[in-house]
Every structure is written in structure tokens, then in C-alpha cells.
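This report concerns only the one structure given below.
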Amino acid sequence: AGCDKTLPAMMMAMIRLDLPSVFAYGGSIRPGCFRGKDVSIQDVYEGIGAHATGKMSLEDLTELECVALPGKGSCASMYTANTMAAAGEALGMSLPGSASPPAVDYRREVFARESGIAVTKLLETGLRPRDILTKDAFTNAIAVVMALPGATDAGLHLLAIAHGAGVEP
């Protein structure tokens, strides 16, 4: 999965099917460059506000918008995608460290290959998502989201995932 709501949706699908599976995140986008400074979608949001108050010209805002998201990947801030990728690790649904590398990083290929190997091991042992998703796993994920601090909608997503896994809050 690669952006916002697709991450919790994929985890919920894994739980619903309850087949041996590993969640793989597509990674976040690298920063763009605007006049020698690294920028992200957050800078675009701030630019929109600056334009609305007359502090940035439309030409400058357009230039910023054109360079802020230079490639593939989800928004490079602690919005839903990156928050839920970290939560997926904490839940035990994805490989440790797999939430961090950007989309274009070579480690994405390594994690994809290692996820395939992990799924093979899960198939051999019969370990399924509902076996992994315990109350302790959710406590761990909540702690990670709170420590980041992550997107607030992670609370709703974690409750939905817990419900699907049959874990009581």
C-alpha cells in the first residue's frame, strides 16, 4: 500500500482473509527543492496560506507546487500513510524497519524480497494475522503512534483493525 487510507484498508483485508501475509508499505516521497531549500507538501499548504494573505505571489506558489513532490511515494510527513506504516511495524504486520525508507530507496526492493521470504515462513508455520494481532500488539502500536506523534486518525484505524481481529479495546 502506498497512501493514507490504503494502508489501514490493506491491513483490514489481511485480517478479514486471515491468510498468512506480510504488509508492505510503498514508502514516502523524497523532499523537493524550492530555491535551494528542501520542501514537502507541508510547504505547499503553508504557501497556499501565504498566498491567501498576500505574502506569496501566485507565480511563486505555482513554482513551489511544481517542485514540492518530485517523484513517487506518499506525502513525506507524519500523515496517515507514514503513521500507519509505523503502526503496522508495531503491530507485527510488517517487517521491522520497513516503514522508514523512502519510496525510491533501494531498501524497498530488499524489504519486498524479505517480505516474500517472511510470507513463505508464515505459510510453513500457519501463522495468521489474527494470531499476531493481540491486545499487546495494539498497545505497542498505540505507544508508537503517540511517540511519533502520528496522525490522529490512527486511533480510528487501530480501533477498526482491532475490531476486525476480534481484539477488545
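Ordered as shown in the C-alpha cells, chains take letters A, B, and onward, while each chain numbers its residues from 1 and ligands are numbered from 1 in the order shown.
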
Handout entry: Non-local contacts of Leu19 in chain A (9 Å; only C-alpha atoms; under 4 positions in same chain excluded) as a ChimeraX atom specification
Key = /A:14-15,123,126-130

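What separates CA of Pro169 in chain A from CA of Leu148 in chain A is a distance of 21.2 Å.
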
Just want the 12 Å neighbourhood of range 135-145 of chain A, counted on only C-alpha atoms, with same-chain residues fewer than 3 positions away dropped. Output as a tab-separated table (two decimals) with N, CA, C and O atoms, in the first residue's frame.
chain	number	residue	atom	x	y	z
A	78	MET	N	4.19	13.15	8.83
A	78	MET	CA	3.53	12.14	9.65
A	78	MET	C	2.02	12.22	9.50
A	78	MET	O	1.27	12.38	10.45
A	79	TYR	N	1.58	12.10	8.25
A	79	TYR	CA	0.17	11.98	7.96
A	79	TYR	C	-0.20	10.50	8.10
A	79	TYR	O	0.58	9.69	8.59
A	80	THR	N	-1.37	10.14	7.62
A	80	THR	CA	-1.87	8.78	7.83
A	80	THR	C	-0.94	7.71	7.28
A	80	THR	O	-0.70	6.70	7.95
A	81	ALA	N	-0.40	7.88	6.08
A	81	ALA	CA	0.40	6.82	5.46
A	81	ALA	C	1.62	6.47	6.31
A	81	ALA	O	1.83	5.29	6.65
A	82	ASN	N	2.41	7.44	6.66
A	82	ASN	CA	3.62	7.15	7.43
A	82	ASN	C	3.29	6.71	8.86
A	82	ASN	O	3.98	5.87	9.43
A	83	THR	N	2.23	7.27	9.42
A	83	THR	CA	1.81	6.86	10.76
A	83	THR	C	1.39	5.40	10.75
A	83	THR	O	1.82	4.61	11.60
A	84	MET	N	0.55	5.02	9.80
A	84	MET	CA	0.06	3.65	9.76
A	84	MET	C	1.14	2.66	9.33
A	84	MET	O	1.10	1.49	9.72
A	85	ALA	N	2.12	3.11	8.57
A	85	ALA	CA	3.25	2.23	8.25
A	85	ALA	C	4.03	1.90	9.52
A	85	ALA	O	4.40	0.74	9.75
A	86	ALA	N	4.25	2.91	10.35
A	86	ALA	CA	4.94	2.67	11.63
A	86	ALA	C	4.08	1.80	12.54
A	86	ALA	O	4.59	0.89	13.21
A	87	ALA	N	2.77	2.05	12.55
A	87	ALA	CA	1.87	1.24	13.37
A	87	ALA	C	1.85	-0.21	12.88
A	87	ALA	O	1.79	-1.14	13.68
A	88	GLY	N	1.92	-0.40	11.57
A	88	GLY	CA	1.96	-1.75	11.01
A	88	GLY	C	3.17	-2.53	11.48
A	88	GLY	O	3.07	-3.73	11.78
A	89	GLU	N	4.30	-1.85	11.57
A	89	GLU	CA	5.50	-2.49	12.14
A	89	GLU	C	5.26	-2.87	13.59
A	89	GLU	O	5.56	-3.98	14.01
A	90	ALA	N	4.72	-1.92	14.35
A	90	ALA	CA	4.49	-2.15	15.78
A	90	ALA	C	3.48	-3.26	16.02
A	90	ALA	O	3.59	-4.01	17.00
A	91	LEU	N	2.53	-3.41	15.12
A	91	LEU	CA	1.53	-4.47	15.23
A	91	LEU	C	2.12	-5.85	14.89
A	91	LEU	O	1.53	-6.86	15.22
A	92	GLY	N	3.25	-5.84	14.20
A	92	GLY	CA	3.84	-7.10	13.76
A	92	GLY	C	3.35	-7.53	12.39
A	92	GLY	O	3.55	-8.67	11.98
A	93	MET	N	2.70	-6.62	11.67
A	93	MET	CA	2.16	-6.94	10.35
A	93	MET	C	3.16	-6.71	9.23
A	93	MET	O	2.96	-7.18	8.12
A	129	PRO	N	-2.67	-13.48	10.53
A	129	PRO	CA	-2.80	-12.15	11.14
A	129	PRO	C	-3.51	-12.16	12.49
A	129	PRO	O	-3.08	-11.48	13.42
A	130	ARG	N	-4.59	-12.91	12.62
A	130	ARG	CA	-5.32	-12.91	13.89
A	130	ARG	C	-4.52	-13.54	15.03
A	130	ARG	O	-4.82	-13.31	16.20
A	131	ASP	N	-3.50	-14.35	14.68
A	131	ASP	CA	-2.60	-14.91	15.70
A	131	ASP	C	-1.61	-13.84	16.19
A	131	ASP	O	-1.18	-13.87	17.33
A	132	ILE	N	-1.26	-12.93	15.30
A	132	ILE	CA	-0.25	-11.91	15.59
A	132	ILE	C	-0.87	-10.71	16.31
A	132	ILE	O	-0.25	-10.11	17.19
A	148	LEU	N	5.35	9.34	18.05
A	148	LEU	CA	5.84	9.95	16.81
A	148	LEU	C	5.71	11.47	16.72
A	148	LEU	O	6.67	12.09	16.28
A	149	PRO	N	4.76	12.22	16.99
A	149	PRO	CA	3.33	11.95	17.09
A	149	PRO	C	2.75	11.77	15.70
A	149	PRO	O	3.08	12.50	14.78
A	150	GLY	N	1.87	10.81	15.59
A	150	GLY	CA	1.31	10.48	14.29
A	150	GLY	C	-0.03	11.12	14.04
A	150	GLY	O	-0.53	11.91	14.84
A	151	ALA	N	-0.60	10.76	12.91
A	151	ALA	CA	-1.91	11.27	12.51
A	151	ALA	C	-2.97	10.84	13.51
A	151	ALA	O	-2.98	9.70	13.96
A	152	THR	N	-3.86	11.75	13.84
A	152	THR	CA	-4.87	11.46	14.85
A	152	THR	C	-5.86	10.39	14.39
A	152	THR	O	-6.41	9.67	15.22
A	153	ASP	N	-6.05	10.25	13.07
A	153	ASP	CA	-7.00	9.24	12.61
A	153	ASP	C	-6.46	7.82	12.81
A	153	ASP	O	-7.19	6.85	12.63
A	154	ALA	N	-5.22	7.69	13.23
A	154	ALA	CA	-4.67	6.36	13.55
A	154	ALA	C	-5.50	5.71	14.66
A	154	ALA	O	-5.66	4.49	14.68
A	155	GLY	N	-6.04	6.53	15.56
A	155	GLY	CA	-6.88	5.99	16.62
A	155	GLY	C	-8.08	5.25	16.06
A	155	GLY	O	-8.41	4.14	16.49
A	156	LEU	N	-8.73	5.85	15.07
A	156	LEU	CA	-9.88	5.20	14.43
A	156	LEU	C	-9.45	3.97	13.65
A	156	LEU	O	-10.11	2.93	13.69
A	157	HIS	N	-8.36	4.08	12.93
A	157	HIS	CA	-7.89	2.95	12.13
A	157	HIS	C	-7.48	1.78	13.01
A	157	HIS	O	-7.79	0.63	12.70
A	158	LEU	N	-6.79	2.06	14.10
A	158	LEU	CA	-6.38	0.98	15.00
A	158	LEU	C	-7.59	0.31	15.64
A	158	LEU	O	-7.61	-0.91	15.81
A	159	LEU	N	-8.61	1.10	15.98
A	159	LEU	CA	-9.84	0.50	16.52
A	159	LEU	C	-10.52	-0.40	15.48
A	159	LEU	O	-10.99	-1.50	15.81
A	160	ALA	N	-10.56	0.04	14.23
A	160	ALA	CA	-11.17	-0.76	13.18
A	160	ALA	C	-10.38	-2.05	12.94
A	160	ALA	O	-10.97	-3.12	12.77
A	161	ILE	N	-9.06	-1.93	12.95
A	161	ILE	CA	-8.21	-3.12	12.77
A	161	ILE	C	-8.40	-4.07	13.94
A	161	ILE	O	-8.54	-5.29	13.75
A	162	ALA	N	-8.44	-3.52	15.15
A	162	ALA	CA	-8.65	-4.36	16.34
A	162	ALA	C	-10.01	-5.07	16.28
A	162	ALA	O	-10.12	-6.26	16.58
A	163	HIS	N	-11.02	-4.34	15.86
A	163	HIS	CA	-12.35	-4.93	15.73
A	163	HIS	C	-12.33	-6.10	14.76
A	163	HIS	O	-12.88	-7.18	15.04
A	165	ALA	N	-9.86	-7.92	14.01
A	165	ALA	CA	-9.05	-9.01	14.55
A	165	ALA	C	-9.71	-9.66	15.76
A	165	ALA	O	-9.19	-10.64	16.31
A	166	GLY	N	-10.82	-9.09	16.21
A	166	GLY	CA	-11.51	-9.64	17.37
A	166	GLY	C	-10.83	-9.30	18.68
A	166	GLY	O	-11.01	-9.99	19.69
A	167	VAL	N	-10.09	-8.20	18.69
A	167	VAL	CA	-9.40	-7.74	19.90
A	167	VAL	C	-10.23	-6.64	20.55
A	167	VAL	O	-10.53	-5.64	19.91
A	168	GLU	N	-10.58	-6.83	21.79
A	168	GLU	CA	-11.39	-5.83	22.53
A	168	GLU	C	-10.48	-4.70	23.00
A	168	GLU	O	-9.37	-4.95	23.48
A	169	PRO	N	-10.96	-3.44	22.89
A	169	PRO	CA	-10.14	-2.31	23.35
A	169	PRO	C	-9.96	-2.30	24.87
A	169	PRO	O	-10.64	-2.90	25.61

Exercise for the section: Using DSSP on the backbone, list every residue of range 20-120 of chain A that comes out as alpha helix (DSSP H), and give them as a ChimeraX atom specification. Expected result: /A:41-52,58-68,80-91,107-120

Please dump the current selection as a short mmCIF file (atom, residue, chain, number, x, y, z; two decimals), in the first residue's frame; keep N, CA and C atoms.
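Ended up saving to result_19.cif:
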data_model
loop_
_atom_site.label_atom_id
_atom_site.label_comp_id
_atom_site.auth_asym_id
_atom_site.auth_seq_id
_atom_site.Cartn_x
_atom_site.Cartn_y
_atom_site.Cartn_z
N ILE A 41 4.98 18.64 0.97
CA ILE A 41 3.58 19.05 0.83
C ILE A 41 3.20 20.07 1.91
N GLN A 42 3.81 19.96 3.07
CA GLN A 42 3.52 20.91 4.15
C GLN A 42 3.86 22.34 3.72
N ASP A 43 4.96 22.49 2.99
CA ASP A 43 5.34 23.82 2.49
C ASP A 43 4.31 24.34 1.49
N VAL A 44 3.73 23.44 0.71
CA VAL A 44 2.68 23.87 -0.22
C VAL A 44 1.47 24.37 0.56
N TYR A 45 1.08 23.63 1.61
CA TYR A 45 -0.05 24.07 2.43
C TYR A 45 0.23 25.46 3.00
N GLU A 46 1.43 25.65 3.51
CA GLU A 46 1.80 26.96 4.06
C GLU A 46 1.84 28.02 2.97
N GLY A 47 2.27 27.62 1.76
CA GLY A 47 2.29 28.55 0.63
C GLY A 47 0.90 29.00 0.23
N ILE A 48 -0.05 28.09 0.30
CA ILE A 48 -1.45 28.45 -0.01
C ILE A 48 -1.93 29.50 0.98
N GLY A 49 -1.62 29.31 2.25
CA GLY A 49 -1.99 30.30 3.26
C GLY A 49 -1.28 31.63 3.04
N ALA A 50 0.00 31.55 2.69
CA ALA A 50 0.76 32.77 2.43
C ALA A 50 0.19 33.51 1.22
N HIS A 51 -0.20 32.77 0.19
CA HIS A 51 -0.80 33.40 -0.99
C HIS A 51 -2.15 34.05 -0.63
N ALA A 52 -2.93 33.35 0.18
CA ALA A 52 -4.25 33.87 0.57
C ALA A 52 -4.15 35.17 1.35
N LEU A 58 1.15 34.35 -6.78
CA LEU A 58 0.63 33.15 -7.42
C LEU A 58 1.73 32.45 -8.21
N GLU A 59 2.62 33.21 -8.82
CA GLU A 59 3.72 32.62 -9.58
C GLU A 59 4.65 31.82 -8.67
N ASP A 60 4.96 32.38 -7.49
CA ASP A 60 5.83 31.66 -6.54
C ASP A 60 5.13 30.40 -6.00
N LEU A 61 3.84 30.51 -5.71
CA LEU A 61 3.09 29.36 -5.22
C LEU A 61 3.06 28.27 -6.29
N THR A 62 2.83 28.65 -7.53
CA THR A 62 2.80 27.68 -8.63
C THR A 62 4.16 27.00 -8.77
N GLU A 63 5.23 27.77 -8.69
CA GLU A 63 6.58 27.19 -8.77
C GLU A 63 6.81 26.20 -7.62
N LEU A 64 6.41 26.58 -6.41
CA LEU A 64 6.54 25.70 -5.25
C LEU A 64 5.75 24.41 -5.46
N GLU A 65 4.52 24.55 -5.92
CA GLU A 65 3.69 23.36 -6.16
C GLU A 65 4.32 22.42 -7.18
N CYS A 66 4.97 22.97 -8.16
CA CYS A 66 5.56 22.16 -9.23
C CYS A 66 6.81 21.39 -8.80
N VAL A 67 7.45 21.81 -7.71
CA VAL A 67 8.69 21.14 -7.29
C VAL A 67 8.59 20.40 -5.96
N ALA A 68 7.50 20.61 -5.23
CA ALA A 68 7.41 20.08 -3.87
C ALA A 68 7.30 18.56 -3.82
N THR A 80 -1.37 10.14 7.62
CA THR A 80 -1.87 8.78 7.83
C THR A 80 -0.94 7.71 7.28
N ALA A 81 -0.40 7.88 6.08
CA ALA A 81 0.40 6.82 5.46
C ALA A 81 1.62 6.47 6.31
N ASN A 82 2.41 7.44 6.66
CA ASN A 82 3.62 7.15 7.43
C ASN A 82 3.29 6.71 8.86
N THR A 83 2.23 7.27 9.42
CA THR A 83 1.81 6.86 10.76
C THR A 83 1.39 5.40 10.75
N MET A 84 0.55 5.02 9.80
CA MET A 84 0.06 3.65 9.76
C MET A 84 1.14 2.66 9.33
N ALA A 85 2.12 3.11 8.57
CA ALA A 85 3.25 2.23 8.25
C ALA A 85 4.03 1.90 9.52
N ALA A 86 4.25 2.91 10.35
CA ALA A 86 4.94 2.67 11.63
C ALA A 86 4.08 1.80 12.54
N ALA A 87 2.77 2.05 12.55
CA ALA A 87 1.87 1.24 13.37
C ALA A 87 1.85 -0.21 12.88
N GLY A 88 1.92 -0.40 11.57
CA GLY A 88 1.96 -1.75 11.01
C GLY A 88 3.17 -2.53 11.48
N GLU A 89 4.30 -1.85 11.57
CA GLU A 89 5.50 -2.49 12.14
C GLU A 89 5.26 -2.87 13.59
N ALA A 90 4.72 -1.92 14.35
CA ALA A 90 4.49 -2.15 15.78
C ALA A 90 3.48 -3.26 16.02
N LEU A 91 2.53 -3.41 15.12
CA LEU A 91 1.53 -4.47 15.23
C LEU A 91 2.12 -5.85 14.89
N ARG A 107 16.31 0.04 -0.46
CA ARG A 107 15.85 -0.85 0.61
C ARG A 107 14.41 -1.31 0.39
N ARG A 108 13.64 -0.58 -0.40
CA ARG A 108 12.27 -1.00 -0.72
C ARG A 108 12.31 -2.37 -1.41
N GLU A 109 13.23 -2.55 -2.35
CA GLU A 109 13.37 -3.85 -3.02
C GLU A 109 13.78 -4.93 -2.04
N VAL A 110 14.69 -4.58 -1.13
CA VAL A 110 15.13 -5.54 -0.12
C VAL A 110 13.96 -5.95 0.76
N PHE A 111 13.17 -4.98 1.22
CA PHE A 111 12.02 -5.29 2.06
C PHE A 111 10.97 -6.09 1.30
N ALA A 112 10.80 -5.82 0.01
CA ALA A 112 9.84 -6.59 -0.78
C ALA A 112 10.27 -8.06 -0.85
N ARG A 113 11.54 -8.27 -1.11
CA ARG A 113 12.07 -9.64 -1.18
C ARG A 113 11.98 -10.32 0.19
N GLU A 114 12.38 -9.61 1.24
CA GLU A 114 12.33 -10.17 2.59
C GLU A 114 10.89 -10.44 3.04
N SER A 115 9.95 -9.61 2.59
CA SER A 115 8.53 -9.84 2.91
C SER A 115 8.05 -11.13 2.26
N GLY A 116 8.49 -11.38 1.04
CA GLY A 116 8.15 -12.63 0.37
C GLY A 116 8.70 -13.84 1.11
N ILE A 117 9.92 -13.73 1.58
CA ILE A 117 10.53 -14.81 2.37
C ILE A 117 9.76 -15.01 3.67
N ALA A 118 9.38 -13.90 4.30
CA ALA A 118 8.62 -13.98 5.55
C ALA A 118 7.26 -14.64 5.33
N VAL A 119 6.59 -14.32 4.22
CA VAL A 119 5.30 -14.94 3.92
C VAL A 119 5.47 -16.45 3.75
N THR A 120 6.54 -16.85 3.10
CA THR A 120 6.81 -18.28 2.93
C THR A 120 6.94 -18.96 4.28
#

Exercise for the section: Kindly indicate which residue among A:Arg30, A:Lys72, A:Lys37, A:Lys55 lies nearest to Cys3 in chain A, using only C-alpha atoms for the distances. Expected result: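 When distances to Cys3 in chain A are compared using only C-alpha atoms, the smallest one comes from A:Lys72.
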
Handout entry: Best match for closeness to Leu133 in chain A among A:Pro102, A:Gly164, A:Pro8, A:Gly71, counting only C-alpha atoms
Key = A:Gly164

Practice task
Tell me which of A:Thr125, A:Ser40, A:Ser94, A:Ser77 sits closest to Val22 in chain A, counting only C-alpha atoms.
Solution key: A:Ser94

Problem - Nearest to Ser28 in chain A, chosen from A:Cys75, A:Met146, A:Leu69, A:Met11, with only C-alpha atoms counted in the distances - result: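 Distance minimum relative to Ser28 in chain A lands on A:Cys75.
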
Handout entry: DSSP-assigned strand (DSSP E) members of range 2-106 of chain A, reported as a PyMOL selection string
Key = chain A and resi 32-34+37-39

Practice task
Go ahead and compute the interatomic distance for CA of Ser74 in chain A and CA of Gly26 in chain A, in Å to one decimal.
Solution key: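 It comes out at 7.8 Å.
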